[in-house]
Amino acid sequence: MKEHIFRYEQHKSTRKLTDMQRVVLKEAKKALKKSYSPYSGFQVAAAIELANGEIISGANYENAAYPLCLCAERVALAAAAAQFPNVKILRMAVTVKSKEHPQLKPAAPCGACRQVILETENKQRQPMEIILQAEKGDVLVIPEGRSLLPFGFDGDALAGR
């Protein structure tokens with residue numbers, strides 16, 4: 001039987017993160033204020049560090065027709081691609097907050113966001129680090145987004161490879 005094993009770091013706080021990891025996570029937390037989540041009350045925000053030093057953030061944007069909701073990760077990735085189309089993404093931090101109850105467990109990107117992360121890594125031919133933390137609590141650092149989607153769909157499938 002084959003196994004899929006991936007490595008990640010789990011920290012009890014942000015103390016062991018690098019300065020830039022802390023900065024990007026802090027920017028994601030600031031972006032929670034941009035969340036439009038009147039239906040679920042579940043705020044999600046993401047911040048991206050680009051190779052040129054820019055930090056781009058995004059937040060979830062809900063819609064009464066739920067399938068039309070936009071995830072924070074895809075909002076941030078699309079904003080980065082639109083503003084800096086040829087600049088590589090080094091890392092993305094994602095954070096969550098609920099109006100109903102404290103969030104203590106990091107929320108991982110949904111399947112659609114994982115697919116877009118994989119596509120972005122393939123496009124730039126470089127992994128991006130993913131940092132996850134809720135309002136408080138443990139911080140997860142995942143060295144490359146593709147490890148979150150081990151059987152992702154990519155251009156090789158379309159080309160018959």
# chains A, B, ... in the order shown; residues from 1 in each chain; ligands from 1
call {"tool": "residues_around", "arguments": {"residues": "Leu148 in chain A", "least_positions_apart": "5", "cutoff": "10 Å", "atoms": "only C-alpha atoms", "output": "list in words"}}
result
Phe6, Ala108, Pro109, Cys110, Gly111, Arg114, Gln115, Ile117, Leu118, Ile130 and Ile142 of chain A
call {"tool": "write_last_selection", "arguments": {"atoms": "N, CA and C atoms", "output": "short mmCIF file (atom, residue, chain, number, x, y, z; two decimals), in the first residue's frame"}}
result
data_model
loop_
_atom_site.label_atom_id
_atom_site.label_comp_id
_atom_site.auth_asym_id
_atom_site.auth_seq_id
_atom_site.Cartn_x
_atom_site.Cartn_y
_atom_site.Cartn_z
N PHE A 6 3.15 14.00 4.57
CA PHE A 6 3.75 15.31 4.35
C PHE A 6 4.19 15.91 5.67
N ALA A 108 -7.94 24.90 7.48
CA ALA A 108 -7.18 24.67 6.25
C ALA A 108 -7.98 25.14 5.05
N PRO A 109 -7.31 25.49 3.97
CA PRO A 109 -8.02 25.90 2.75
C PRO A 109 -8.96 24.80 2.26
N CYS A 110 -10.07 25.22 1.66
CA CYS A 110 -11.03 24.26 1.10
C CYS A 110 -10.42 23.60 -0.14
N GLY A 111 -11.11 22.63 -0.69
CA GLY A 111 -10.61 21.92 -1.86
C GLY A 111 -10.37 22.81 -3.06
N ARG A 114 -7.26 24.80 -2.47
CA ARG A 114 -6.09 23.93 -2.61
C ARG A 114 -5.74 23.74 -4.08
N GLN A 115 -6.76 23.59 -4.92
CA GLN A 115 -6.53 23.43 -6.35
C GLN A 115 -5.89 24.68 -6.94
N ILE A 117 -4.12 26.92 -5.27
CA ILE A 117 -2.76 26.98 -4.73
C ILE A 117 -1.83 26.09 -5.56
N LEU A 118 -2.29 24.88 -5.86
CA LEU A 118 -1.49 23.96 -6.69
C LEU A 118 -1.21 24.58 -8.06
N ILE A 130 2.55 27.73 3.44
CA ILE A 130 1.22 28.03 3.94
C ILE A 130 1.28 28.08 5.46
N ILE A 142 3.18 24.87 6.73
CA ILE A 142 3.26 23.81 5.72
C ILE A 142 4.21 24.30 4.63
#
call {"tool": "residues_around", "arguments": {"residues": "range 19-28 of chain A", "least_positions_apart": "3", "cutoff": "7 Å", "atoms": "only C-alpha atoms", "output": "mmCIF file with N, CA and C atoms, in the first residue's frame"}}
result
data_model
loop_
_atom_site.group_PDB
_atom_site.id
_atom_site.type_symbol
_atom_site.label_atom_id
_atom_site.label_comp_id
_atom_site.auth_asym_id
_atom_site.auth_seq_id
_atom_site.Cartn_x
_atom_site.Cartn_y
_atom_site.Cartn_z
ATOM 1 N N THR A 14 3.319 32.087 18.035
ATOM 2 C CA THR A 14 4.072 32.639 16.901
ATOM 3 C C THR A 14 5.540 32.887 17.243
ATOM 4 N N ALA A 31 -6.650 41.742 7.945
ATOM 5 C CA ALA A 31 -7.585 41.644 6.822
ATOM 6 C C ALA A 31 -8.921 41.017 7.221
ATOM 7 N N LEU A 32 -9.011 40.423 8.405
ATOM 8 C CA LEU A 32 -10.294 39.882 8.863
ATOM 9 C C LEU A 32 -11.374 40.960 8.868
ATOM 10 N N ALA A 45 -9.471 35.315 6.366
ATOM 11 C CA ALA A 45 -8.607 36.275 5.679
ATOM 12 C C ALA A 45 -7.289 35.599 5.332
ATOM 13 N N ALA A 46 -6.681 36.094 4.278
ATOM 14 C CA ALA A 46 -5.395 35.569 3.824
ATOM 15 C C ALA A 46 -4.490 36.734 3.459
ATOM 16 N N ALA A 47 -3.206 36.554 3.686
ATOM 17 C CA ALA A 47 -2.207 37.531 3.248
ATOM 18 C C ALA A 47 -1.094 36.765 2.551
ATOM 19 N N ILE A 48 -0.563 37.392 1.519
ATOM 20 C CA ILE A 48 0.447 36.767 0.670
ATOM 21 C C ILE A 48 1.694 37.641 0.637
ATOM 22 N N GLU A 49 2.853 37.025 0.831
ATOM 23 C CA GLU A 49 4.129 37.734 0.661
ATOM 24 C C GLU A 49 4.668 37.411 -0.723
ATOM 25 N N SER A 57 -3.454 41.207 0.632
ATOM 26 C CA SER A 57 -4.393 40.484 1.488
ATOM 27 C C SER A 57 -5.758 40.382 0.829
ATOM 28 N N ALA A 93 -0.500 33.301 4.492
ATOM 29 C CA ALA A 93 -1.029 33.045 5.831
ATOM 30 C C ALA A 93 -2.546 33.131 5.768
ATOM 31 N N VAL A 94 -3.202 32.214 6.455
ATOM 32 C CA VAL A 94 -4.663 32.172 6.486
ATOM 33 C C VAL A 94 -5.104 32.135 7.945
ATOM 34 N N THR A 95 -6.094 32.952 8.271
ATOM 35 C CA THR A 95 -6.618 32.983 9.626
ATOM 36 C C THR A 95 -8.135 33.050 9.599
#
call {"tool": "select_by_dssp", "arguments": {"residues": "range 78-161 of chain A", "states": "helix (DSSP H, G or I)", "output": "ChimeraX atom specification"}}
result
/A:78-83,111-124,145-148,155-158
call {"tool": "residues_around", "arguments": {"residues": "range 83-88 of chain A", "least_positions_apart": "4", "cutoff": "7 Å", "atoms": "only C-alpha atoms", "output": "JSON, numbers by chain"}}
result
{"A": [50, 51, 52, 79, 124]}
call {"tool": "write_last_selection", "arguments": {"atoms": "N, CA and C atoms", "output": "PDB file, in the first residue's frame"}}
result
ATOM      1  N   LEU A  50       4.929  38.454  -1.492  1.00  0.00           N
ATOM      2  CA  LEU A  50       5.488  38.298  -2.831  1.00  0.00           C
ATOM      3  C   LEU A  50       7.006  38.441  -2.789  1.00  0.00           C
ATOM      4  N   ALA A  51       7.668  37.921  -3.795  1.00  0.00           N
ATOM      5  CA  ALA A  51       9.131  37.979  -3.873  1.00  0.00           C
ATOM      6  C   ALA A  51       9.657  39.408  -3.962  1.00  0.00           C
ATOM      7  N   ASN A  52       8.811  40.353  -4.389  1.00  0.00           N
ATOM      8  CA  ASN A  52       9.235  41.757  -4.460  1.00  0.00           C
ATOM      9  C   ASN A  52       9.012  42.499  -3.145  1.00  0.00           C
ATOM     10  N   ALA A  79      -5.853  38.667  -6.526  1.00  0.00           N
ATOM     11  CA  ALA A  79      -5.377  40.051  -6.408  1.00  0.00           C
ATOM     12  C   ALA A  79      -3.878  40.119  -6.684  1.00  0.00           C
ATOM     13  N   GLN A 124       4.292  29.171 -11.156  1.00  0.00           N
ATOM     14  CA  GLN A 124       5.527  29.871 -10.783  1.00  0.00           C
ATOM     15  C   GLN A 124       6.714  28.922 -10.603  1.00  0.00           C
TER      16      GLN A 124
END
call {"tool": "residues_around", "arguments": {"residues": "range 68-74 of chain A", "least_positions_apart": "5", "cutoff": "7 Å", "atoms": "only C-alpha atoms", "output": "VMD selection string"}}
result
chain A and resid 44 to 46 58 to 63 113
call {"tool": "write_last_selection", "arguments": {"atoms": "N, CA and C atoms", "output": "mmCIF file, in the first residue's frame"}}
result
data_model
loop_
_atom_site.group_PDB
_atom_site.id
_atom_site.type_symbol
_atom_site.label_atom_id
_atom_site.label_comp_id
_atom_site.auth_asym_id
_atom_site.auth_seq_id
_atom_site.Cartn_x
_atom_site.Cartn_y
_atom_site.Cartn_z
ATOM 1 N N VAL A 44 -12.821 34.802 7.261
ATOM 2 C CA VAL A 44 -11.565 34.190 6.822
ATOM 3 C C VAL A 44 -10.768 35.262 6.097
ATOM 4 N N ALA A 45 -9.471 35.315 6.366
ATOM 5 C CA ALA A 45 -8.607 36.275 5.679
ATOM 6 C C ALA A 45 -7.289 35.599 5.332
ATOM 7 N N ALA A 46 -6.681 36.094 4.278
ATOM 8 C CA ALA A 46 -5.395 35.569 3.824
ATOM 9 C C ALA A 46 -4.490 36.734 3.459
ATOM 10 N N GLY A 58 -6.542 39.484 1.353
ATOM 11 C CA GLY A 58 -7.909 39.299 0.880
ATOM 12 C C GLY A 58 -8.737 38.673 1.985
ATOM 13 N N ALA A 59 -10.046 38.787 1.860
ATOM 14 C CA ALA A 59 -10.959 38.212 2.845
ATOM 15 C C ALA A 59 -12.119 37.546 2.119
ATOM 16 N N ASN A 60 -12.800 36.660 2.838
ATOM 17 C CA ASN A 60 -13.936 35.990 2.210
ATOM 18 C C ASN A 60 -15.063 36.984 1.941
ATOM 19 N N TYR A 61 -15.838 36.688 0.907
ATOM 20 C CA TYR A 61 -16.932 37.553 0.476
ATOM 21 C C TYR A 61 -18.133 36.653 0.196
ATOM 22 N N GLU A 62 -19.077 36.647 1.146
ATOM 23 C CA GLU A 62 -20.230 35.759 1.029
ATOM 24 C C GLU A 62 -21.304 36.328 0.112
ATOM 25 N N ASN A 63 -22.190 35.436 -0.296
ATOM 26 C CA ASN A 63 -23.316 35.788 -1.146
ATOM 27 C C ASN A 63 -24.499 34.952 -0.671
ATOM 28 N N CYS A 113 -9.690 26.016 -3.062
ATOM 29 C CA CYS A 113 -8.510 26.851 -2.805
ATOM 30 C C CYS A 113 -7.227 26.038 -2.924
#
call {"tool": "residues_around", "arguments": {"residues": "Gly137 in chain A", "least_positions_apart": "3", "cutoff": "12 Å", "atoms": "only C-alpha atoms", "output": "short mmCIF file (atom, residue, chain, number, x, y, z; two decimals) with N, CA and C atoms, in the first residue's frame"}}
result
data_model
loop_
_atom_site.label_atom_id
_atom_site.label_comp_id
_atom_site.auth_asym_id
_atom_site.auth_seq_id
_atom_site.Cartn_x
_atom_site.Cartn_y
_atom_site.Cartn_z
N GLN A 10 4.23 22.45 13.78
CA GLN A 10 3.14 22.90 14.64
C GLN A 10 3.76 23.61 15.83
N HIS A 11 3.36 24.86 16.02
CA HIS A 11 3.90 25.68 17.10
C HIS A 11 2.76 26.11 18.02
N LYS A 12 3.04 26.22 19.29
CA LYS A 12 2.04 26.64 20.27
C LYS A 12 1.75 28.13 20.20
N SER A 13 2.66 28.88 19.61
CA SER A 13 2.48 30.33 19.47
C SER A 13 3.28 30.79 18.25
N THR A 14 3.32 32.09 18.03
CA THR A 14 4.07 32.64 16.90
C THR A 14 5.54 32.89 17.24
N ARG A 15 5.96 32.62 18.46
CA ARG A 15 7.32 32.94 18.89
C ARG A 15 8.41 32.30 18.03
N THR A 95 -6.09 32.95 8.27
CA THR A 95 -6.62 32.98 9.63
C THR A 95 -8.13 33.05 9.60
N VAL A 96 -8.75 32.66 10.70
CA VAL A 96 -10.21 32.62 10.79
C VAL A 96 -10.68 33.20 12.12
N PRO A 102 -15.25 31.57 19.90
CA PRO A 102 -13.81 31.69 19.61
C PRO A 102 -13.32 30.53 18.73
N GLN A 103 -12.47 30.85 17.79
CA GLN A 103 -11.85 29.85 16.93
C GLN A 103 -10.45 29.58 17.45
N LEU A 104 -10.21 28.36 17.87
CA LEU A 104 -8.91 28.01 18.41
C LEU A 104 -8.16 27.02 17.52
N LYS A 105 -8.82 26.50 16.51
CA LYS A 105 -8.21 25.51 15.63
C LYS A 105 -8.01 26.13 14.25
N PRO A 106 -6.81 26.02 13.69
CA PRO A 106 -6.60 26.56 12.35
C PRO A 106 -7.54 25.92 11.33
N ALA A 107 -7.98 26.70 10.37
CA ALA A 107 -8.83 26.19 9.29
C ALA A 107 -7.99 26.08 8.03
N LEU A 132 -1.07 28.65 8.90
CA LEU A 132 -2.45 28.63 9.36
C LEU A 132 -2.52 28.89 10.86
N GLN A 133 -3.40 29.78 11.27
CA GLN A 133 -3.68 29.99 12.69
C GLN A 133 -5.09 30.56 12.82
N ALA A 134 -5.80 30.14 13.84
CA ALA A 134 -7.10 30.73 14.13
C ALA A 134 -6.86 32.04 14.88
N LEU A 140 0.24 26.34 12.31
CA LEU A 140 0.75 25.30 11.43
C LEU A 140 1.51 25.96 10.29
#
call {"tool": "atom_distance", "arguments": {"atom1": "CA of Gln126 in chain A", "atom2": "CA of Glu144 in chain A"}}
result
8.7 Å
call {"tool": "select_by_dssp", "arguments": {"residues": "range 90-145 of chain A", "states": "strand (DSSP E)", "output": "list in words"}}
result
Leu90, Arg91, Met92, Ala93, Val94, Thr95, Val96, Lys97, Ser98, Glu129, Ile130, Ile131, Leu132, Gln133, Val139, Leu140, Val141 and Ile142 of chain A
call {"tool": "write_last_selection", "arguments": {"atoms": "C-alpha atoms", "output": "mmCIF file, in the first residue's frame"}}
result
data_model
loop_
_atom_site.group_PDB
_atom_site.id
_atom_site.type_symbol
_atom_site.label_atom_id
_atom_site.label_comp_id
_atom_site.auth_asym_id
_atom_site.auth_seq_id
_atom_site.Cartn_x
_atom_site.Cartn_y
_atom_site.Cartn_z
ATOM 1 C CA LEU A 90 6.690 33.093 -1.211
ATOM 2 C CA ARG A 91 4.067 32.375 1.422
ATOM 3 C CA MET A 92 0.420 32.701 2.338
ATOM 4 C CA ALA A 93 -1.029 33.045 5.831
ATOM 5 C CA VAL A 94 -4.663 32.172 6.486
ATOM 6 C CA THR A 95 -6.618 32.983 9.626
ATOM 7 C CA VAL A 96 -10.208 32.621 10.790
ATOM 8 C CA LYS A 97 -12.555 34.230 13.289
ATOM 9 C CA SER A 98 -16.179 33.531 14.158
ATOM 10 C CA GLU A 129 4.634 28.150 2.256
ATOM 11 C CA ILE A 130 1.217 28.029 3.937
ATOM 12 C CA ILE A 131 0.782 29.360 7.492
ATOM 13 C CA LEU A 132 -2.452 28.632 9.356
ATOM 14 C CA GLN A 133 -3.682 29.991 12.688
ATOM 15 C CA VAL A 139 0.227 27.749 14.273
ATOM 16 C CA LEU A 140 0.746 25.298 11.427
ATOM 17 C CA VAL A 141 3.491 25.919 8.864
ATOM 18 C CA ILE A 142 3.258 23.812 5.722
#
call {"tool": "atom_distance", "arguments": {"atom1": "CA of Tyr66 in chain A", "atom2": "CA of Ile89 in chain A"}}
result
28.7 Å
